[in-house]
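Enquirer: Data file data_39.txt (compact mmCIF, C-alpha atoms) is appended below.
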```txt
# COMPACT_ATOMS: atom_id res chain seq x y z
CA MET A 1 107.36 123.60 -4.38
CA LEU A 2 105.37 121.35 -6.68
CA GLU A 3 108.19 121.02 -9.22
CA ASN A 4 110.56 119.60 -6.61
CA VAL A 5 107.91 117.16 -5.36
CA ILE A 6 107.29 115.99 -8.93
CA LEU A 7 111.03 115.45 -9.42
CA ILE A 8 111.20 113.43 -6.18
CA CYS A 9 108.22 111.35 -7.33
CA LEU A 10 109.91 110.76 -10.71
CA GLY A 11 112.94 109.44 -8.82
CA ILE A 12 110.80 107.15 -6.68
CA MET A 13 108.97 105.76 -9.71
CA SER A 14 112.28 105.21 -11.50
CA ALA A 15 113.53 103.21 -8.51
CA ALA A 16 110.33 101.14 -8.65
CA ALA A 17 110.84 100.55 -12.38
CA ILE A 18 114.44 99.44 -11.73
CA LEU A 19 113.18 96.93 -9.13
CA ASN A 20 110.66 95.61 -11.66
CA MET A 21 113.37 95.35 -14.29
CA MET A 22 115.54 93.32 -11.91
CA ARG A 23 112.66 90.93 -11.28
CA LEU A 24 112.00 90.75 -15.03
CA LEU A 25 115.61 89.78 -15.72
CA ARG A 26 115.92 87.38 -12.81
CA GLY A 27 112.44 85.89 -12.33
CA PRO A 28 112.77 82.14 -11.96
CA ASP A 29 109.60 81.23 -13.85
CA LEU A 30 107.62 82.60 -16.76
CA PRO A 31 104.66 83.95 -14.68
CA ASP A 32 107.15 86.03 -12.67
CA ARG A 33 108.36 87.67 -15.84
CA ILE A 34 104.82 88.34 -17.06
CA LEU A 35 103.94 89.88 -13.70
CA ALA A 36 107.06 92.06 -13.79
CA LEU A 37 106.19 93.21 -17.32
CA ASP A 38 102.63 94.07 -16.25
CA THR A 39 103.94 96.07 -13.30
CA LEU A 40 106.40 97.80 -15.60
CA TYR A 41 103.48 98.85 -17.80
CA ILE A 42 101.66 100.34 -14.80
CA ASN A 43 104.81 102.15 -13.67
CA ALA A 44 105.24 103.54 -17.18
CA ILE A 45 101.70 104.94 -16.94
CA ALA A 46 102.66 106.60 -13.65
CA LEU A 47 105.84 108.03 -15.21
CA ILE A 48 103.90 109.44 -18.18
CA ILE A 49 101.36 111.07 -15.86
CA LEU A 50 104.17 112.59 -13.78
CA LEU A 51 105.82 113.90 -16.93
CA GLY A 52 102.53 115.47 -17.99
CA LEU A 53 102.28 117.13 -14.58
CA TYR A 54 105.86 118.39 -14.81
CA LEU A 55 105.39 119.87 -18.27
CA ALA A 56 101.86 121.08 -17.32
CA SER A 57 100.57 119.59 -20.55
CA ASP A 58 97.22 117.88 -21.03
CA LEU A 59 98.33 115.82 -24.02
CA PHE A 60 99.87 112.90 -22.17
CA PHE A 61 96.68 111.28 -20.93
CA GLU A 62 95.79 109.68 -24.23
CA ALA A 63 99.20 108.00 -24.25
CA ALA A 64 98.68 106.80 -20.66
CA LEU A 65 95.22 105.42 -21.45
CA LEU A 66 96.52 103.67 -24.57
CA LEU A 67 99.37 102.17 -22.56
CA ALA A 68 96.89 100.87 -19.94
CA VAL A 69 94.82 99.15 -22.63
CA MET A 70 97.89 97.67 -24.34
CA GLY A 71 99.31 96.40 -21.05
CA PHE A 72 96.06 94.65 -20.10
CA VAL A 73 95.63 93.05 -23.51
CA GLY A 74 99.25 91.89 -23.60
CA THR A 75 99.13 90.41 -20.11
CA VAL A 76 95.87 88.56 -20.80
CA ALA A 77 97.18 87.24 -24.13
CA VAL A 78 100.44 85.91 -22.69
CA ALA A 79 98.70 84.41 -19.64
CA LYS A 80 96.17 82.66 -21.88
CA HIS A 81 99.02 81.42 -24.02
CA LEU A 82 100.71 79.95 -20.93
CA MET A 83 97.48 78.31 -19.79
CA ARG A 84 96.19 76.83 -23.01
CA GLY A 85 99.04 76.98 -25.50
CA ASP A 86 96.65 79.05 -27.60
CA ILE A 87 95.22 82.55 -27.28
CA ILE A 88 91.90 82.34 -29.11
CA GLU A 89 90.42 78.88 -29.11
CA MET B 1 96.93 132.00 2.17
CA ASP B 2 96.34 131.73 -1.50
CA ILE B 3 94.05 129.05 -2.90
CA SER B 4 96.62 127.81 -5.41
CA CYS B 5 99.05 127.12 -2.58
CA TRP B 6 96.51 124.76 -1.00
CA VAL B 7 95.86 123.08 -4.34
CA ASP B 8 99.61 122.58 -4.76
CA ALA B 9 99.83 121.06 -1.28
CA VAL B 10 96.97 118.64 -1.99
CA VAL B 11 98.49 117.61 -5.35
CA ALA B 12 101.93 117.14 -3.76
CA ALA B 13 100.49 114.95 -0.99
CA LEU B 14 98.51 112.83 -3.47
CA ILE B 15 101.35 112.20 -5.90
CA LEU B 16 103.85 111.54 -3.10
CA THR B 17 101.49 108.99 -1.54
CA GLY B 18 100.91 107.36 -4.90
CA SER B 19 104.61 107.09 -5.71
CA LEU B 20 105.38 105.62 -2.31
CA PHE B 21 102.62 103.01 -2.73
CA ALA B 22 103.98 102.08 -6.15
CA LEU B 23 107.48 101.79 -4.70
CA ILE B 24 106.14 99.53 -1.92
CA GLY B 25 104.49 97.33 -4.54
CA SER B 26 107.73 97.03 -6.49
CA ILE B 27 109.71 96.27 -3.33
CA GLY B 28 107.20 93.50 -2.66
CA LEU B 29 107.68 92.20 -6.19
CA TRP B 30 111.43 92.13 -5.64
CA LYS B 31 111.67 90.85 -2.06
CA LEU B 32 108.89 88.31 -1.49
CA PRO B 33 110.00 84.69 -1.76
CA ASP B 34 107.24 83.05 -3.77
CA PHE B 35 105.24 83.76 -6.93
CA PHE B 36 101.90 83.57 -5.14
CA MET B 37 103.18 86.07 -2.57
CA ARG B 38 104.77 88.28 -5.22
CA LEU B 39 101.40 88.51 -6.95
CA HIS B 40 100.05 90.55 -4.03
CA GLY B 41 102.42 93.49 -4.27
CA PRO B 42 101.82 94.84 -7.78
CA THR B 43 98.14 93.99 -8.02
CA LYS B 44 97.16 95.86 -4.87
CA ALA B 45 99.75 98.41 -3.86
CA THR B 46 100.81 99.54 -7.32
CA THR B 47 97.23 99.85 -8.57
CA LEU B 48 96.25 101.93 -5.55
CA GLY B 49 99.36 104.09 -5.97
CA VAL B 50 98.73 104.84 -9.63
CA GLY B 51 95.09 105.57 -8.81
CA SER B 52 96.13 108.12 -6.20
CA LEU B 53 98.62 109.67 -8.62
CA VAL B 54 96.01 110.04 -11.34
CA ILE B 55 93.62 111.67 -8.87
CA GLY B 56 96.38 114.13 -7.95
CA SER B 57 96.83 114.98 -11.61
CA LEU B 58 93.04 115.40 -11.94
CA VAL B 59 93.04 117.91 -9.07
CA TYR B 60 95.95 119.79 -10.66
CA PHE B 61 94.42 120.07 -14.12
CA SER B 62 90.98 120.91 -12.70
CA SER B 63 92.45 123.85 -10.77
CA ARG B 64 93.86 125.58 -13.83
CA GLY B 65 90.63 127.31 -14.74
CA GLU B 66 89.63 125.27 -17.76
CA GLY B 67 86.76 123.50 -16.07
CA LEU B 68 86.62 120.10 -14.43
CA SER B 69 88.78 117.62 -16.31
CA LEU B 70 87.37 114.20 -15.60
CA HIS B 71 88.89 112.21 -18.42
CA GLU B 72 91.91 111.30 -16.31
CA LEU B 73 89.53 109.30 -14.16
CA LEU B 74 89.18 106.84 -17.07
CA ILE B 75 92.71 105.57 -16.41
CA THR B 76 91.96 104.94 -12.73
CA ILE B 77 88.69 103.17 -13.49
CA PHE B 78 90.29 101.05 -16.20
CA LEU B 79 93.20 100.04 -13.95
CA PHE B 80 90.89 99.21 -11.05
CA ILE B 81 88.75 97.03 -13.33
CA THR B 82 91.55 95.21 -15.13
CA ALA B 83 94.03 94.58 -12.29
CA PRO B 84 92.01 91.76 -10.64
CA VAL B 85 91.34 90.14 -14.02
CA SER B 86 94.99 90.00 -15.01
CA ALA B 87 95.98 88.82 -11.49
CA HIS B 88 93.43 86.03 -11.68
CA LEU B 89 94.68 84.94 -15.10
CA LEU B 90 98.30 85.05 -13.92
CA ALA B 91 97.46 82.93 -10.85
CA LYS B 92 95.69 80.39 -13.06
CA ALA B 93 98.64 80.30 -15.44
CA ALA B 94 101.04 79.82 -12.51
CA MET B 95 98.94 76.96 -11.13
CA HIS B 96 98.87 75.41 -14.57
CA GLN B 97 102.66 75.73 -14.87
CA ARG B 98 103.13 74.40 -11.31
CA VAL B 99 105.64 77.06 -10.33
CA ARG B 100 107.74 76.37 -7.29
CA ARG B 101 106.49 77.68 -3.97
CA ILE B 102 107.72 77.76 -0.39
CA ASP B 103 106.12 75.74 2.39
CA LYS B 104 104.42 78.67 4.06
CA THR B 105 102.15 79.27 1.07
CA LYS B 106 98.83 77.71 2.03
CA GLY B 107 96.61 75.60 -0.16
CA ARG B 108 98.09 72.61 -1.93
CA PRO B 109 96.53 72.19 -5.35
CA TRP B 110 99.19 69.69 -6.38
CA PRO B 111 101.58 67.43 -4.45
CA GLN B 112 105.11 68.77 -4.31
```
Using structure tokens, write down the structure from this file.
Expert:
Amino acid sequence: MLENVILICLGIMSAAAILNMMRLLRGPDLPDRILALDTLYINAIALIILLGLYLASDLFFEAALLLAVMGFVGTVAVAKHLMRGDIIE
Amino acid sequence: MDISCWVDAVVAALILTGSLFALIGSIGLWKLPDFFMRLHGPTKATTLGVGSLVIGSLVYFSSRGEGLSLHELLITIFLFITAPVSAHLLAKAAMHQRVRRIDKTKGRPWPQ
């Protein structure tokens, strides 16, 4: 039962990632694209966790945690760059 | 009824709820008409959805007889801490860039 539910959830998360990708390609302004990229990071974390559940492996959580840190740092850096024209002042 | 069947049912409910919340957040990111409205979808719905999904995975890996595995909770805590910070920075960057907005968005920090 659980395998089928995980496959359905993988499909749902892939649909969400496709919607984010469409907003990333279309987004009229730069903050839209940054927001879509941040959401794509979070959806990638969800996909990695679902893959770890599907393979019943405990090794995927380090990758998910690393991706969370990288997504936050990247979003903050690009937003600061948009605000100030500089990241570390 | 076996205990593992109930654990499977709880995990299935948690990850299905989380995926649906994340899908709702992405639909909001795609459909809403304005950047300041689009900011609401991912920062609330998607964060809550991924948190629920991680808790489902925590329940699954804790039920496999290798003790309580709490290190998945780090991802949830980190996401719940950092999502408001990045949303605040993105809103400030959007106000600095003066992105276009529709008339129903309240608050007028600049004339348009």
Enquirer: Can you pull out the residues contacting range 48-57 of chain A? Cut-off 8 Å, using all atoms listed in the file, and skip same-chain residues under 3 positions away; I want them as number ranges by chain.
Expert: A: 3, 6, 9-10, 44-45, 60-61, 63-64; B: 53-54, 57, 60
Enquirer: Between CA of Gly71 in chain A and CA of Asp38 in chain A, what is the distance, to one decimal in Å?
Expert: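 CA of Gly71 in chain A sits 6.3 Å away from CA of Asp38 in chain A.
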Enquirer: Taking into account only C-alpha atoms, which residue in the set A:Met83, A:Leu66, A:Leu37, A:Val73 is nearest to chain B?
Expert: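 Looking only at the distances to chain B, the closest residue turns out to be A:Met83.
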Enquirer: Would you give me, as a PyMOL selection string, the residues of chain A that come within 7 Å of chain B, using only C-alpha atoms?
Expert: chain A and resi 2+5+9+12-13+16+19-20+23+29+31-32+39+46+53+61+65+72+75-76+79+82-83
Enquirer: Between CA of Leu24 in chain A and CA of Gly11 in chain A, what is the distance in Å, rounded to a tenth?
Expert: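 CA of Gly11 in chain A lies at a distance of 19.7 Å from CA of Leu24 in chain A.
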Enquirer: In Å, rounded to a single decimal, give me how far CA of Leu47 in chain A is from CA of Asn4 in chain A.
Expert: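 Straight-line distance from CA of Asn4 in chain A to CA of Leu47 in chain A works out to 15.2 Å.
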Enquirer: Nearest to Arg101 in chain B among B:Ala45, B:Val59, B:Leu70, B:Leu32, with distances taken over all atoms listed in the file: which residue is it?
Expert: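 Residue with the minimum atom-to-atom distance to Arg101 in chain B: B:Leu32.
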Enquirer: Between B:Ile55, B:Met37, B:Ile77, B:Leu14, which residue has the minimum interatomic distance to Val69 in chain A, considering all atoms listed in the file?
Expert: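 Under the stated criterion, the closest residue is B:Ile77.
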